[in-house]
$ cat coords05.cif   # mmCIF, C-alpha atoms
data_model
loop_
_atom_site.label_atom_id
_atom_site.label_comp_id
_atom_site.auth_asym_id
_atom_site.auth_seq_id
_atom_site.Cartn_x
_atom_site.Cartn_y
_atom_site.Cartn_z
CA MET S 1 -4.33 16.24 -13.93
CA LYS S 2 -4.60 12.46 -13.75
CA ALA S 3 -3.44 10.48 -10.74
CA VAL S 4 -3.93 7.10 -9.11
CA VAL S 5 -6.06 7.68 -6.01
CA CYS S 6 -6.59 5.19 -3.19
CA ARG S 7 -9.99 6.03 -1.67
CA GLN S 8 -9.70 3.06 0.69
CA LEU S 9 -6.87 0.71 1.56
CA GLY S 10 -6.49 -2.15 -0.89
CA LEU S 11 -5.51 -2.32 -4.55
CA ASP S 12 -9.13 -2.91 -5.57
CA HIS S 13 -10.03 0.55 -4.26
CA ALA S 14 -7.43 2.41 -6.35
CA ALA S 15 -8.29 4.06 -9.65
CA VAL S 16 -7.06 6.77 -12.01
CA GLU S 17 -8.95 10.00 -11.37
CA ASP S 18 -8.90 13.62 -12.50
CA ILE S 19 -7.80 15.75 -9.54
CA ASP S 20 -6.48 19.26 -8.97
CA ALA S 21 -2.80 19.83 -9.71
CA PRO S 22 -0.69 20.28 -6.56
CA VAL S 23 0.55 23.68 -5.43
CA PRO S 24 4.15 23.92 -4.17
CA GLY S 25 4.74 25.12 -0.64
CA GLU S 26 7.44 27.51 0.54
CA HIS S 27 10.36 25.11 0.00
CA GLU S 28 8.80 22.77 -2.57
CA ILE S 29 9.17 22.03 -6.28
CA ARG S 30 6.29 21.13 -8.62
CA ILE S 31 7.36 18.51 -11.17
CA ARG S 32 5.78 17.27 -14.39
CA VAL S 33 6.26 13.52 -13.98
CA HIS S 34 7.70 11.68 -16.98
CA ALA S 35 8.44 8.46 -15.07
CA ALA S 36 7.42 7.02 -11.71
CA GLY S 37 9.05 4.01 -10.12
CA VAL S 38 6.93 0.97 -9.24
CA SER S 39 7.93 -1.19 -6.28
CA PHE S 40 6.63 -3.91 -4.00
CA ALA S 41 6.73 -1.32 -1.21
CA ASN S 42 4.15 0.75 -3.14
CA LEU S 43 1.81 -2.24 -3.15
CA LEU S 44 2.27 -2.73 0.60
CA VAL S 45 1.47 0.95 1.20
CA MET S 46 -1.71 0.68 -0.86
CA GLU S 47 -2.76 -2.32 1.21
CA GLY S 48 -1.89 -0.66 4.54
CA LYS S 49 0.84 -3.23 5.25
CA HIS S 50 3.91 -0.98 5.07
CA GLN S 51 5.57 0.73 8.03
CA ASN S 52 4.95 4.04 6.25
CA ARG S 53 1.18 4.42 6.37
CA HIS S 54 -1.04 6.98 4.68
CA ALA S 55 -4.66 7.65 5.49
CA PRO S 56 -6.93 7.51 2.41
CA PRO S 57 -7.41 9.23 0.12
CA PHE S 58 -3.81 9.30 -1.13
CA THR S 59 -1.77 8.79 -4.28
CA PRO S 60 1.01 6.16 -3.99
CA GLY S 61 4.50 6.42 -5.45
CA THR S 62 7.80 7.60 -3.97
CA GLU S 63 10.20 7.90 -6.93
CA VAL S 64 9.71 10.31 -9.82
CA ALA S 65 11.66 11.93 -12.62
CA GLY S 66 10.59 14.76 -14.85
CA VAL S 67 10.75 18.50 -15.48
CA VAL S 68 10.40 21.36 -13.00
CA LEU S 69 7.20 23.33 -13.59
CA GLU S 70 7.20 25.71 -10.64
CA CYS S 71 9.27 26.53 -7.56
CA GLY S 72 8.04 27.64 -4.15
CA PRO S 73 8.89 31.17 -2.97
CA SER S 74 11.92 30.05 -0.94
CA ALA S 75 13.08 27.22 -3.21
CA GLY S 76 16.07 28.61 -5.09
CA ARG S 77 18.06 25.59 -6.17
CA PHE S 78 16.06 24.86 -9.38
CA ARG S 79 14.32 26.68 -12.21
CA PRO S 80 11.35 25.76 -14.41
CA GLY S 81 12.54 23.54 -17.23
CA ASP S 82 15.24 21.73 -15.23
CA ARG S 83 15.35 17.95 -15.60
CA VAL S 84 15.23 16.38 -12.15
CA VAL S 85 14.73 13.19 -10.18
CA ALA S 86 13.06 13.27 -6.78
CA GLY S 87 12.07 11.20 -3.79
CA VAL S 88 8.64 11.92 -2.33
CA ARG S 89 6.74 10.47 0.62
CA THR S 90 3.72 9.86 -1.60
CA GLY S 91 2.08 11.18 -4.77
CA GLY S 92 4.34 9.76 -7.49
CA TYR S 93 1.66 7.90 -9.50
CA ALA S 94 0.47 11.13 -11.10
CA GLN S 95 1.11 13.53 -13.94
CA GLU S 96 2.37 16.14 -11.48
CA VAL S 97 3.76 16.03 -7.95
CA VAL S 98 5.33 18.41 -5.44
CA ALA S 99 8.55 17.47 -3.64
CA PRO S 100 10.66 19.10 -0.93
CA GLU S 101 13.58 20.89 -2.54
CA ASP S 102 15.98 18.88 -0.33
CA THR S 103 14.93 15.61 -2.02
CA VAL S 104 15.06 16.88 -5.61
CA PHE S 105 18.26 16.31 -7.60
CA LYS S 106 19.51 17.65 -10.95
CA LEU S 107 19.43 15.03 -13.68
CA PRO S 108 22.27 14.95 -16.25
CA ASP S 109 21.12 15.12 -19.86
CA ALA S 110 22.66 11.70 -20.51
CA VAL S 111 20.41 9.96 -17.95
CA ASP S 112 16.87 9.19 -19.12
CA TYR S 113 13.82 9.52 -16.90
CA ASP S 114 13.06 5.79 -16.73
CA ALA S 115 16.55 5.02 -15.46
CA ALA S 116 16.53 7.97 -13.07
CA VAL S 117 13.59 6.74 -10.98
CA GLN S 118 15.73 3.89 -9.67
CA PHE S 119 17.90 6.30 -7.69
CA PRO S 120 15.73 7.92 -4.97
CA THR S 121 15.42 4.64 -3.03
CA ILE S 122 16.88 1.63 -4.90
CA TYR S 123 20.38 2.76 -5.84
CA ALA S 124 20.52 5.19 -2.94
CA THR S 125 19.82 2.42 -0.43
CA ALA S 126 22.46 0.14 -1.95
CA TYR S 127 24.93 3.05 -1.92
CA GLY S 128 24.14 3.87 1.71
CA VAL S 129 24.57 0.26 2.80
CA LEU S 130 27.71 -0.60 0.86
CA LYS S 131 29.64 2.66 0.99
CA TRP S 132 28.50 4.32 4.22
CA ARG S 133 27.41 1.56 6.58
CA ALA S 134 29.32 -1.57 5.50
CA ALA S 135 32.39 0.36 4.29
CA LEU S 136 32.93 -2.17 1.51
CA ARG S 137 36.62 -2.19 0.56
CA PRO S 138 38.38 -3.02 -2.72
CA GLY S 139 39.26 -6.69 -2.86
CA GLU S 140 36.52 -7.80 -0.47
CA THR S 141 33.86 -10.32 -1.46
CA LEU S 142 30.27 -9.10 -1.67
CA LEU S 143 27.38 -11.59 -1.78
CA VAL S 144 24.15 -10.19 -3.24
CA HIS S 145 20.86 -12.11 -2.91
CA GLY S 146 17.88 -11.42 -5.16
CA ALA S 147 20.51 -10.14 -7.57
CA ALA S 148 18.19 -9.72 -10.57
CA GLY S 149 15.71 -7.48 -8.76
CA GLY S 150 15.98 -3.72 -8.72
CA SER S 151 17.86 -3.49 -5.42
CA GLY S 152 19.97 -6.56 -6.22
CA LEU S 153 21.19 -5.25 -9.58
CA ALA S 154 21.97 -1.90 -7.95
CA ALA S 155 24.04 -3.64 -5.27
CA VAL S 156 25.87 -5.72 -7.89
CA GLU S 157 26.81 -2.66 -9.92
CA LEU S 158 27.80 -0.50 -6.96
CA GLY S 159 29.77 -3.35 -5.40
CA LYS S 160 31.84 -3.66 -8.57
CA LEU S 161 32.41 0.09 -8.72
CA LEU S 162 33.67 -0.02 -5.14
CA GLY S 163 36.20 -2.68 -6.12
CA ALA S 164 34.62 -5.82 -4.65
CA ARG S 165 34.42 -9.31 -6.05
CA VAL S 166 30.67 -9.87 -6.42
CA ILE S 167 28.84 -13.19 -6.00
CA ALA S 168 25.19 -13.03 -7.08
CA THR S 169 22.34 -15.41 -6.32
CA ALA S 170 19.07 -15.52 -8.26
CA GLY S 171 16.26 -17.97 -9.01
CA SER S 172 16.59 -18.80 -12.72
CA PRO S 173 19.28 -19.01 -15.41
CA GLU S 174 17.91 -15.81 -17.00
CA LYS S 175 18.14 -13.91 -13.73
CA VAL S 176 21.64 -15.22 -13.01
CA GLN S 177 22.70 -14.07 -16.47
CA ALA S 178 21.24 -10.61 -15.83
CA ALA S 179 23.38 -10.29 -12.70
CA LEU S 180 26.47 -11.41 -14.63
CA ASP S 181 25.67 -8.92 -17.40
CA HIS S 182 25.62 -6.15 -14.79
CA GLY S 183 29.03 -7.02 -13.40
CA ALA S 184 28.77 -10.00 -11.04
CA ASP S 185 31.86 -12.20 -11.06
CA VAL S 186 30.04 -15.37 -9.98
CA GLY S 187 26.40 -16.29 -10.51
CA ILE S 188 24.54 -18.92 -8.48
CA ASP S 189 21.10 -20.28 -9.30
CA TYR S 190 19.87 -21.11 -5.81
CA ARG S 191 17.16 -23.38 -7.23
CA GLN S 192 19.83 -25.60 -8.76
CA GLN S 193 22.55 -25.57 -6.09
CA ASP S 194 23.06 -24.80 -2.41
CA PHE S 195 24.25 -21.19 -2.38
CA ARG S 196 26.00 -21.63 0.99
CA GLU S 197 28.20 -24.43 -0.35
CA ALA S 198 28.80 -22.55 -3.59
CA VAL S 199 29.90 -19.37 -1.77
CA LEU S 200 32.26 -21.29 0.49
CA ALA S 201 33.68 -23.18 -2.48
CA CYS S 202 34.52 -20.02 -4.44
CA THR S 203 36.01 -18.20 -1.43
CA ALA S 204 38.33 -21.00 -0.28
CA HIS S 205 35.86 -21.61 2.59
CA ARG S 206 36.40 -18.12 4.03
CA GLY S 207 32.96 -16.78 3.11
CA ALA S 208 31.70 -13.38 1.99
CA ASP S 209 32.90 -10.20 3.70
CA VAL S 210 29.65 -8.30 3.06
CA ILE S 211 26.19 -9.75 2.36
CA PHE S 212 23.34 -7.71 0.88
CA ASP S 213 20.08 -9.55 1.60
CA PRO S 214 16.68 -8.26 0.43
CA VAL S 215 15.16 -11.74 0.78
CA GLY S 216 15.28 -12.64 4.49
CA GLY S 217 13.89 -15.85 5.94
CA SER S 218 15.99 -18.98 5.41
CA THR S 219 18.23 -17.06 2.99
CA PHE S 220 19.40 -14.86 5.86
CA ASP S 221 19.88 -17.91 8.12
CA GLU S 222 22.05 -19.69 5.56
CA SER S 223 23.97 -16.48 4.86
CA LEU S 224 25.20 -16.49 8.45
CA ARG S 225 26.79 -19.86 7.64
CA CYS S 226 28.79 -18.53 4.70
CA ILE S 227 29.92 -15.16 6.03
CA ALA S 228 33.58 -14.41 6.69
CA PRO S 229 34.93 -13.60 10.15
CA GLU S 230 34.30 -9.90 10.87
CA GLY S 231 31.80 -9.94 8.02
CA ARG S 232 28.90 -7.49 7.70
CA ILE S 233 25.40 -8.54 6.71
CA ALA S 234 22.62 -6.13 5.78
CA PRO S 235 19.01 -7.39 5.87
CA MET S 236 17.46 -5.04 3.29
CA GLY S 237 14.00 -6.56 2.98
CA PHE S 238 11.95 -9.68 3.44
CA ALA S 239 10.79 -10.69 -0.04
CA GLY S 240 10.82 -14.30 1.15
CA GLY S 241 7.93 -13.46 3.46
CA GLN S 242 9.65 -14.18 6.77
CA ILE S 243 11.53 -11.78 9.03
CA PRO S 244 14.58 -13.65 10.36
CA GLN S 245 15.37 -13.95 14.04
CA ILE S 246 19.06 -13.18 14.44
CA PRO S 247 20.99 -15.67 16.64
CA ALA S 248 23.31 -13.63 18.82
CA ASN S 249 25.58 -16.60 19.47
CA ILE S 250 26.61 -16.76 15.80
CA LEU S 251 27.28 -13.02 15.78
CA LEU S 252 29.52 -13.46 18.80
CA VAL S 253 31.46 -16.49 17.56
CA LYS S 254 32.17 -15.07 14.09
CA ASN S 255 32.52 -11.37 15.04
CA ILE S 256 29.67 -10.47 12.66
CA THR S 257 28.08 -7.05 12.30
CA VAL S 258 24.39 -6.84 11.33
CA ILE S 259 23.63 -3.56 9.55
CA GLY S 260 20.27 -1.85 9.38
CA LEU S 261 19.49 1.00 7.02
CA TYR S 262 16.31 2.98 6.45
CA TRP S 263 17.09 5.37 3.61
CA GLY S 264 14.17 7.57 4.60
CA TYR S 265 16.16 8.63 7.66
CA TYR S 266 18.77 10.20 5.41
CA MET S 267 16.06 11.83 3.29
CA GLY S 268 14.46 13.45 6.33
CA TRP S 269 11.38 11.21 6.48
CA ALA S 270 11.98 9.56 9.85
CA ARG S 271 10.53 10.74 13.15
CA GLN S 272 14.01 11.65 14.32
CA PRO S 273 15.66 14.67 12.66
CA ARG S 274 18.51 13.78 10.37
CA PRO S 275 22.02 14.82 11.45
CA ASP S 276 23.47 18.20 10.56
CA GLY S 277 25.04 18.13 7.13
CA MET S 278 23.17 15.01 6.02
CA ALA S 279 21.25 16.85 3.27
CA ASP S 280 24.57 17.84 1.68
CA LYS S 281 25.94 14.32 2.10
CA VAL S 282 22.88 12.86 0.37
CA ARG S 283 23.15 15.39 -2.46
CA GLY S 284 26.80 14.43 -2.90
CA ALA S 285 25.84 10.76 -3.13
CA PHE S 286 23.26 11.50 -5.84
CA ASP S 287 25.74 13.65 -7.75
CA GLU S 288 28.23 10.79 -7.70
CA MET S 289 25.77 8.07 -8.70
CA LEU S 290 24.18 10.09 -11.48
CA ALA S 291 27.62 11.03 -12.83
CA TRP S 292 28.55 7.34 -12.90
CA THR S 293 25.34 6.67 -14.80
CA ALA S 294 26.02 9.42 -17.33
CA GLN S 295 29.45 7.83 -17.85
CA GLY S 296 27.89 4.40 -18.43
CA ARG S 297 29.40 2.89 -15.27
CA LEU S 298 25.95 2.29 -13.76
CA ARG S 299 23.26 0.86 -16.03
CA PRO S 300 19.81 0.77 -14.37
CA HIS S 301 17.69 -1.81 -16.14
CA THR S 302 14.09 -1.00 -17.05
CA TRP S 303 12.24 -4.27 -17.66
CA ARG S 304 8.95 -2.81 -18.86
CA ARG S 305 7.11 0.50 -19.16
CA TYR S 306 3.39 1.04 -18.49
CA PRO S 307 1.00 3.97 -18.99
CA LEU S 308 -0.59 5.37 -15.84
CA ASP S 309 -3.91 3.62 -16.39
CA ALA S 310 -2.10 0.24 -16.44
CA PHE S 311 -0.74 0.65 -12.92
CA ARG S 312 -2.43 -2.59 -11.85
CA ASP S 313 -0.52 -4.52 -14.51
CA ALA S 314 2.74 -2.95 -13.35
CA LEU S 315 2.07 -3.93 -9.73
CA ALA S 316 1.03 -7.43 -10.79
CA ALA S 317 4.35 -7.93 -12.56
CA ILE S 318 6.14 -6.92 -9.35
CA SER S 319 4.07 -9.25 -7.16
CA THR S 320 4.72 -12.30 -9.36
CA ARG S 321 8.50 -11.71 -9.20
CA GLU S 322 8.90 -11.96 -12.95
CA VAL S 323 10.63 -8.59 -13.21
CA ILE S 324 14.35 -8.23 -13.86
CA GLY S 325 15.41 -4.76 -12.72
CA ARG S 326 12.49 -2.34 -12.43
CA VAL S 327 9.22 -1.41 -14.05
CA VAL S 328 8.07 2.19 -14.46
CA LEU S 329 4.91 4.18 -15.10
CA ASN S 330 4.96 6.89 -17.74
CA PRO S 331 2.14 9.29 -16.82
#

$ encode --input "coords05.cif" --output "structure tokens"
Amino acid sequence: MKAVVCRQLGLDHAAVEDIDAPVPGEHEIRIRVHAAGVSFANLLVMEGKHQNRHAPPFTPGTEVAGVVLECGPSAGRFRPGDRVVAGVRTGGYAQEVVAPEDTVFKLPDAVDYDAAVQFPTIYATAYGVLKWRAALRPGETLLVHGAAGGSGLAAVELGKLLGARVIATAGSPEKVQAALDHGADVGIDYRQQDFREAVLACTAHRGADVIFDPVGGSTFDESLRCIAPEGRIAPMGFAGGQIPQIPANILLVKNITVIGLYWGYYMGWARQPRPDGMADKVRGAFDEMLAWTAQGRLRPHTWRRYPLDAFRDALAAISTREVIGRVVLNP
């Protein structure tokens, strides 16, 4: 089979190679990959700059969708021919991959493979933050930064489904419009206006109850100045290049909760074992999100599709921040 292989750390050392097809272990599923998600995190892993490190040689990629080819001896949840989506630690940029049965999920016929690859980390993370950790309630105001990116659009859509009023910030009129098209009630182009003042103005100076921030840096700092009393803010990434230092005095004065979430903990990828019953809870979350997608209530946006041998072009599009939604590889 063909796969992207990193023989050394660094994008320049990655290439498509012919390698042996993987063999499923006792509790694993072998999948023919029809789509693989491409993310900035993948690029960081290839460069050795991500918290999840892999010693070369390895194949990057953590989100796949496709068809079951083979099941391990003790894997009884799926059968060959089933359409599935899966989260994997690594190996997604390939024509075939093996995944633990616990992180493979049945894909409804109405959900295509390109859309499905947004769920193992992007939609799942937004779901975990907004529904589980922030307990977003109907009628509350949700502020989403980077709202035209993959995680931002997911948060916009899920926030609306959970009954919130959604304010979205993005860096161009086209990106603001994308967020509005996916359900945001208010769109703010932060290059044209101060988002802090705009958020306060449209909330009668109360501020946002929940803030979803994949940007970090000064965006996080200014978010603390437009958050409501007893608000919850989730730093979901640092696309702005700077990890914010959280001032405890502001947390104290405004009764703010800062929420952290590493979705890999719920998938069983952390050093600590996940809690009892978490595998079933995760499966229930995927069942709910994929059902919403089949019903048309979630609409993952695929900006562009690339063949496997154009993986560099896909990663370049991510790094230049031109993407609205996600890009995918079709091996």

$ resolve_selection --input "coords05.cif" --expression "the PyMOL selection byres ((chain S and resi 154) around 8)" --output "ChimeraX atom specification"
/S:122-123,126,150-153,155-158,300

$ write_last_selection --input "coords05.cif" --atoms "C-alpha atoms" --output "PDB file, in the coordinates of the input"
ATOM      1  CA  ILE S 122      16.880   1.630  -4.900  1.00  0.00           C
ATOM      2  CA  TYR S 123      20.380   2.760  -5.840  1.00  0.00           C
ATOM      3  CA  ALA S 126      22.460   0.140  -1.950  1.00  0.00           C
ATOM      4  CA  GLY S 150      15.980  -3.720  -8.720  1.00  0.00           C
ATOM      5  CA  SER S 151      17.860  -3.490  -5.420  1.00  0.00           C
ATOM      6  CA  GLY S 152      19.970  -6.560  -6.220  1.00  0.00           C
ATOM      7  CA  LEU S 153      21.190  -5.250  -9.580  1.00  0.00           C
ATOM      8  CA  ALA S 155      24.040  -3.640  -5.270  1.00  0.00           C
ATOM      9  CA  VAL S 156      25.870  -5.720  -7.890  1.00  0.00           C
ATOM     10  CA  GLU S 157      26.810  -2.660  -9.920  1.00  0.00           C
ATOM     11  CA  LEU S 158      27.800  -0.500  -6.960  1.00  0.00           C
ATOM     12  CA  PRO S 300      19.810   0.770 -14.370  1.00  0.00           C
TER      13      PRO S 300
END

$ residues_near_point --input "coords05.cif" --point "(25.2, 7.4, -14.7)" --cutoff "12 Å" --atoms "all atoms listed in the file" --output "count of residues only"
32

$ atom_distance --input "coords05.cif" --atom1 "CA of Trp132 (chain S)" --atom2 "CA of Gly146 (chain S)"
21.2 Å

$ atom_distance --input "coords05.cif" --atom1 "CA of Val67 (chain S)" --atom2 "CA of Ala270 (chain S)"
26.9 Å

$ resolve_selection --input "coords05.cif" --expression "the PyMOL selection byres ((chain S and resi 323) around 9)" --output "PyMOL selection string"
chain S and resi 148-150+303-304+317-322+324-327

$ closest_atom_pairs --input "coords05.cif" --of "region 189-259 of chain S" --to "region 39-44 of chain S" --cutoff "12 Å" --atoms "all atoms listed in the file" --output "CSV"
residue,atom,partner,partner_atom,distance
S:Pro214,CA,S:Phe40,CA,11.8
S:Gly237,CA,S:Ala41,CA,9.9
S:Phe238,CA,S:Phe40,CA,10.8
S:Ala239,CA,S:Phe40,CA,8.9

$ resolve_selection --input "coords05.cif" --expression "the PyMOL selection byres ((chain S and resi 194) around 12)" --output "list of chain:residue names"
S:Thr169, S:Ala170, S:Gly171, S:Ile188, S:Asp189, S:Tyr190, S:Arg191, S:Gln192, S:Gln193, S:Phe195, S:Arg196, S:Glu197, S:Ala198, S:Val199, S:Leu200, S:Ala201, S:Thr219, S:Glu222, S:Ser223, S:Arg225, S:Cys226

$ write_last_selection --input "coords05.cif" --atoms "C-alpha atoms" --output "CSV table (one decimal), in the frame of the given file"
chain,number,residue,atom,x,y,z
S,169,THR,CA,22.3,-15.4,-6.3
S,170,ALA,CA,19.1,-15.5,-8.3
S,171,GLY,CA,16.3,-18.0,-9.0
S,188,ILE,CA,24.5,-18.9,-8.5
S,189,ASP,CA,21.1,-20.3,-9.3
S,190,TYR,CA,19.9,-21.1,-5.8
S,191,ARG,CA,17.2,-23.4,-7.2
S,192,GLN,CA,19.8,-25.6,-8.8
S,193,GLN,CA,22.6,-25.6,-6.1
S,195,PHE,CA,24.2,-21.2,-2.4
S,196,ARG,CA,26.0,-21.6,1.0
S,197,GLU,CA,28.2,-24.4,-0.4
S,198,ALA,CA,28.8,-22.6,-3.6
S,199,VAL,CA,29.9,-19.4,-1.8
S,200,LEU,CA,32.3,-21.3,0.5
S,201,ALA,CA,33.7,-23.2,-2.5
S,219,THR,CA,18.2,-17.1,3.0
S,222,GLU,CA,22.0,-19.7,5.6
S,223,SER,CA,24.0,-16.5,4.9
S,225,ARG,CA,26.8,-19.9,7.6
S,226,CYS,CA,28.8,-18.5,4.7

$ residues_around --input "coords05.cif" --residues "Ala134 (chain S)" --least-positions-apart "3" --cutoff "12 Å" --atoms "only C-alpha atoms" --output "number ranges by chain"
S: 125-131, 137, 140, 142, 159, 162, 209-212, 230-235, 256-261

$ residues_around --input "coords05.cif" --residues "Leu180 (chain S)" --least-positions-apart "3" --cutoff "10 Å" --atoms "all atoms listed in the file" --output "list in words"
Ala147, Ala148, Leu153, Val156, Glu157, Val166, Ile167, Ala168, Glu174, Lys175, Val176, Gln177, Gly183, Ala184, Asp185, Val186, Gly187 and Ile188 of chain S

$ atom_distance --input "coords05.cif" --atom1 "CA of Arg271 (chain S)" --atom2 "CA of Cys6 (chain S)"
24.3 Å

$ residues_around --input "coords05.cif" --residues "region 70-81 of chain S" --least-positions-apart "6" --cutoff "10 Å" --atoms "only C-alpha atoms" --output "PyMOL selection string"
chain S and resi 23-32+98-102+104-106

$ closest_residue --input "coords05.cif" --among "S:Ile227, S:Leu11, S:Glu47, S:Asp221" --to "Gln245 (chain S)" --atoms "only C-alpha atoms"
S:Asp221

$ closest_residue --input "coords05.cif" --among "S:Ala279, S:Pro331, S:Arg312, S:Thr203" --to "His13 (chain S)" --atoms "only C-alpha atoms"
S:Arg312

$ residues_around --input "coords05.cif" --residues "Thr121 (chain S)" --least-positions-apart "5" --cutoff "10 Å" --atoms "only C-alpha atoms" --output "ChimeraX atom specification"
/S:37,62-63,86-88,126-128,151,262-264,267

$ closest_residue --input "coords05.cif" --among "S:Val84, S:Val253, S:Val215, S:Leu329" --to "Phe311 (chain S)" --atoms "all atoms listed in the file"
S:Leu329

$ residues_around --input "coords05.cif" --residues "Pro307 (chain S)" --least-positions-apart "6" --cutoff "10 Å" --atoms "all atoms listed in the file" --output "list in words"
Ala35, Asp313, Ala314, Val328, Leu329, Asn330 and Pro331 of chain S
